[in-house]
Each structure stands twice: as C-alpha cells, then as structure tokens.
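Visitor: I have a structure here, written as structure tokens, and I will follow up with some questions on it.
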Amino acid sequence: MKWMDTHAHLDDKAFDKDRAAVISRCAALSLGIVTIGSSVTSSCAAVRLAGRHRGIWATVGIHPHNASSLDEAALRELERLAKDERVVGIGEIGLDYYRDLSPRPCQRDAFRAQLALAVRLDLPVCIHNRESTDDMLSILRDAGTIRGVVHSFLGDGELANEFLGLGLHLGIGGPLTFPKNGILRDAVRAVPLDRIVLETDCPYLTPVPYRGRRNEPAYVTYVAETIAELKGIDPDDIAATTTKNALRLFGVGSGSLS
Ligand SMILES: [Zn+2]
C-alpha cells in the first residue's frame with residue numbers, strides 16, 4: 001500500500017454511478033481507503049463495502065449532525081458492527097456548532113458515549129470538530145486515553161499542539177491546497193510528519209486543481225504534494241510516512257486494494 005485515504009465517504013450517493021471505477025483508480029495507485037460511517041445506515045454500508053474489497057476498511061459511528069438519532073438501540077448496533085473484522089475505528093463522531101443540526105447537549109452526549117465505546121473496544125476514533133473547540137478539548141481530556149484522528153484539521157499551530165498533546169493525529173485534506181488557508185499551512189509546516197495522516201473527506205473538500213468538482217480518494221496525492229512543498233520533503237516520502245502512520249493507527253496490514 002503506497003497511499004492511505006483515512007477519511008472517505010464511499011457510501012455517499014455521489015458515488016452511486018461509478019463507485020467501481022473510483023475504487024479501481026485507487027487500486028491502480030496502490031491506495032487504501034478508510035470509509036467512514038456517519039449514521040447507523042451509512043455505517044452498515046461502510047462495513048459492506050469494506051467486506052467486498054481488501055484495501056478498504058470501515059469505521060462506524062454517528063456524525064454530530066445525526067447525534068439526536070443516537071439512542072440505546074443505535075449504540076448497541078454500532079457495537080455489534082464494530083466487532084466486524086473490517087472495522088478499524090469509531091467515527092465520524094464529534095461536535096459541530098457551525099451547522100447545529102442536532103441540539104448541542106445531544107451532540108455532547110453522543111460524542112461522550114461513542115468515545116466510551118471506542119475506549120471499551122480499544123479502537124481509534126475519527127473526530128469532527130467545527131466551531132466547537134472548547135467543548136471538544138474538555139470532553140477529550142475527560143475521556144481518558146484515546147487515540148485517533150482529528151479529521152480535516154483546519155486550525156492554527158497552537159490548536160495543533162493541543163491535539164498532539166492529547167496523543168491524536170491530524171487528518172490533513174483538500175483545504176490545505178486552498179489559497180486562503182495560510183494559517184493551516186503554517187501549522188502543517190510545524191507538525192511532525194509522524195503525526196499526520198492524509199484524507200480526502202470525499203465527495204467533499206476537493207483539493208486544487210479539481211476544487212468545485214466531486215472529490216475522490218485518488219486526489220489525496222494533491223494533498224501530499226502540498227505537504228511536500230511546505231516541508232521540503234519528497235512526495236514519495238510523504239506517502240511512505242503518512243501511510244505507515246495510518247496503518248499503525250488503524251492496526252491494519254498493507255494488503256493491496258482489490
Ligand atoms: Zn467526513
């Protein structure tokens with residue numbers, strides 16, 4: 001496995017017409033994918049996709065937008081799904097105070113409950129944080145020892161250090177390539193490469209030069225090129241280190257995509 005996209009939504013309807021072609025482009029690049037659940041239904045779909053392709057793994061979780069759907073039954077179903085051998089993490093979980101699609105107390109309860117599930121099952125987490133940093137940091141500090149990825153990290157160097165201090169990795173994706181994101185580029189320049197994993201968040205957050213179109217896992221290479229320029233490191237070394245980080249974090253081998 002040369003590349004890892006640690007955050008894709010391959011079950012999204014944006015891929016319904018050509019999912020097989022998207023996946024075969026990944027196979028050609030030797031690119032593995034972690035496809036992310038955002039509801040019970042999408043978690044089931046992620047597990048099914050991972051079961052059909054050797055280079056795809058799944059996470060299961062309830063996105064903060066859907067936090068009000070997390071009841072006891074949903075939590076039990078996530079736990080059942082999480083025991084599938086293709087499931088490598090709990091996510092996408094977290095807080096989103098920008099869109100506020102579930103009430104904030106409900107988002108916090110769902111986040112805490114799923115962090116506890118991850119700790120109990122000894123799985124890493126994929127964390128979504130949007131305009132909710134204070135509550136995010138305090139919940140993470142209370143959660144005990146967790147490992148995982150702050151997905152689509154968009155903060156400055158100070159916030160990067162807060163998350164690194166909690167033992168988390170930073171997921172870096174398409175926004176790094178957007179012209180206005182100088183603060184993020186400064187942060188990434190300073191973050192040790194062994195704490196970075198690549199991601200697309202496809203079908204969203206498409207990097208330059210395809211910005212405005214649908215994103216797909218193969219475009220993770222544009223993110224790597226930008227990190228390479230920022231750090232003055234060869235893109236192949238960015239690929240090798242970030243892939244090693246991802247495989248270690250998610251506890252998976254390097255079997256190729258098929
Ligand atoms: Zn996502």
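Every chain in the structure tokens has a letter given in the order shown (A, B, ...), and although residue numbers restart at 1 in each chain, ligands are simply numbered from 1 in the order shown.
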Apply DSSP to the structure's backbone, then extract all residues of range 35-88 of chain A labelled helix (DSSP H, G or I) and return them as a PyMOL selection string.

Guide: chain A and resi 40-52+64-69+72-82

Visitor: Residues within 10 Å of ligand 1 should be enumerated using only C-alpha atoms and all ligand atoms and returned as a list of chain:residue names.

Guide: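 These are the residues that qualify: A:Thr6, A:His7, A:Ala8, A:His9, A:Thr35, A:Ile36, A:Gly37, A:Ser38, A:His63, A:Gly91, A:Glu92, A:Ile93, A:Cys126, A:Ile127, A:His128, A:His151, A:Ser152, A:Glu199, A:Thr200, A:Asp201, A:Cys202, A:Pro203, A:Tyr204, A:Leu205.
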
Visitor: Please indicate the distance in Å from CA of Gln114 in chain A to CA of Phe15 in chain A, rounded to one decimal place.

Guide: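 Distance between the two atoms: 27.4 Å.
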
Visitor: Mind giving me the straight-line distance from CA of Val87 in chain A to CA of Gln107 in chain A in Å, one decimal?

Guide: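 Distance reported for this atom pair: 23.0 Å.
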
Visitor: Nearest to Val188 in chain A: which of A:Arg211, A:Leu168, A:Glu216, A:Glu229 is it, counting only C-alpha atoms?

Guide: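 Of A:Arg211, A:Leu168, A:Glu216, A:Glu229, the one nearest Val188 in chain A is A:Glu229, counting only C-alpha atoms.
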
Visitor: I need the strand (DSSP E) residues of range 33-235 of chain A per DSSP on the backbone, written as a VMD selection string.

Guide: chain A and resid 33 to 36 56 to 60 87 to 96 125 to 130 148 to 150 169 to 172 196 to 198

Visitor: I'd like the contact shell of range 233-235 of chain A - 10 Å cut-off, only C-alpha atoms, skipping same-chain residues fewer than 4 positions apart - returned as a PyMOL selection string.

Guide: chain A and resi 221-229+239-241

Visitor: Please produce an output containing N, CA, C and O atoms for each residue in the selection, written as a CSV table (one decimal), in the first residue's frame.

Guide:
chain,number,residue,atom,x,y,z
A,221,THR,N,-3.4,12.5,-3.5
A,221,THR,CA,-2.0,12.8,-3.9
A,221,THR,C,-1.7,14.3,-4.0
A,221,THR,O,-0.6,14.7,-3.8
A,222,TYR,N,-2.8,15.1,-4.3
A,222,TYR,CA,-2.6,16.6,-4.4
A,222,TYR,C,-2.3,17.1,-3.0
A,222,TYR,O,-1.6,18.1,-2.9
A,223,VAL,N,-2.9,16.5,-2.0
A,223,VAL,CA,-2.7,17.0,-0.6
A,223,VAL,C,-1.2,16.7,-0.3
A,223,VAL,O,-0.5,17.5,0.3
A,224,ALA,N,-0.8,15.5,-0.6
A,224,ALA,CA,0.6,15.1,-0.3
A,224,ALA,C,1.6,16.0,-1.0
A,224,ALA,O,2.6,16.4,-0.4
A,225,GLU,N,1.3,16.4,-2.2
A,225,GLU,CA,2.2,17.3,-3.0
A,225,GLU,C,2.4,18.6,-2.2
A,225,GLU,O,3.4,19.2,-2.1
A,226,THR,N,1.2,19.1,-1.7
A,226,THR,CA,1.3,20.4,-1.0
A,226,THR,C,2.1,20.3,0.3
A,226,THR,O,2.9,21.1,0.6
A,227,ILE,N,1.9,19.1,1.0
A,227,ILE,CA,2.7,18.9,2.3
A,227,ILE,C,4.1,18.8,1.9
A,227,ILE,O,5.0,19.4,2.6
A,228,ALA,N,4.4,18.2,0.8
A,228,ALA,CA,5.8,18.0,0.4
A,228,ALA,C,6.5,19.4,0.1
A,228,ALA,O,7.6,19.6,0.5
A,229,GLU,N,5.7,20.3,-0.6
A,229,GLU,CA,6.3,21.6,-0.8
A,229,GLU,C,6.5,22.4,0.5
A,229,GLU,O,7.5,23.0,0.7
A,239,ALA,N,4.2,10.2,1.2
A,239,ALA,CA,3.3,9.0,1.0
A,239,ALA,C,3.7,7.9,2.0
A,239,ALA,O,2.9,7.3,2.7
A,240,ALA,N,5.0,7.6,2.0
A,240,ALA,CA,5.5,6.4,2.8
A,240,ALA,C,5.2,6.6,4.3
A,240,ALA,O,4.7,5.7,5.0
A,241,THR,N,5.5,7.8,4.8
A,241,THR,CA,5.4,8.1,6.2
A,241,THR,C,3.9,8.2,6.6
A,241,THR,O,3.5,7.6,7.6

Visitor: Enter the distance from CA of Thr177 in chain A to CA of Met1 in chain A, in Å, rounded to one decimal.

Guide: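 Pair CA of Thr177 in chain A / CA of Met1 in chain A returns 23.9 Å.
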
Visitor: Residues at most 10 Å from Ala116 in chain A, counting only C-alpha atoms, excluding those fewer than 6 positions away in the same chain, as a ChimeraX atom specification?

Guide: /A:110,122,143-144,146

Visitor: Just want the 12 Å neighbourhood of Arg76 in chain A, counted on only C-alpha atoms, with same-chain residues fewer than 3 positions away dropped. Output as number ranges by chain.

Guide: A: 40, 60-61, 70-73, 79-83, 113-114, 117

Visitor: Might you pull out every residue within 10 Å of Arg99 in chain A, with only C-alpha atoms counted and same-chain residues fewer than 5 positions away left off, and present them as a ChimeraX atom specification?

Guide: /A:64-65,130-131

Visitor: Store the residues picked out above, limited to C-alpha atoms, as a PDB file, in the first residue's frame.

Guide:
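Saved file result38.pdb follows:
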ATOM      1  CA  PRO A  64     -22.697  15.084  15.214  1.00  0.00           C
ATOM      2  CA  HIS A  65     -25.285  16.188  12.623  1.00  0.00           C
ATOM      3  CA  ARG A 130     -16.343  22.574  13.799  1.00  0.00           C
ATOM      4  CA  GLU A 131     -16.554  25.784  15.851  1.00  0.00           C
TER       5      GLU A 131
END

Visitor: In terms of the shortest atom-to-atom distance over only C-alpha atoms, which of A:Leu198, A:Leu164, A:Leu159, A:Ala50 is closest to Leu184 in chain A?

Guide: A:Leu159

Visitor: Pick from A:Phe153, A:Phe111, A:Trp57, A:Phe163: nearest to Ile139 in chain A, with only C-alpha atoms counted?

Guide: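 When distances to Ile139 in chain A are compared using only C-alpha atoms, the smallest one comes from A:Phe111.
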
Visitor: Can you list, as a list in words, every protein, DNA or RNA residue that comes within 9 Å of Thr145 in chain A when you count only C-alpha atoms, leaving out same-chain residues fewer than 2 positions away?

Guide: Val119, Leu140, Arg141, Asp142, Ala143, Arg147, Leu166 and Gly167 of chain A
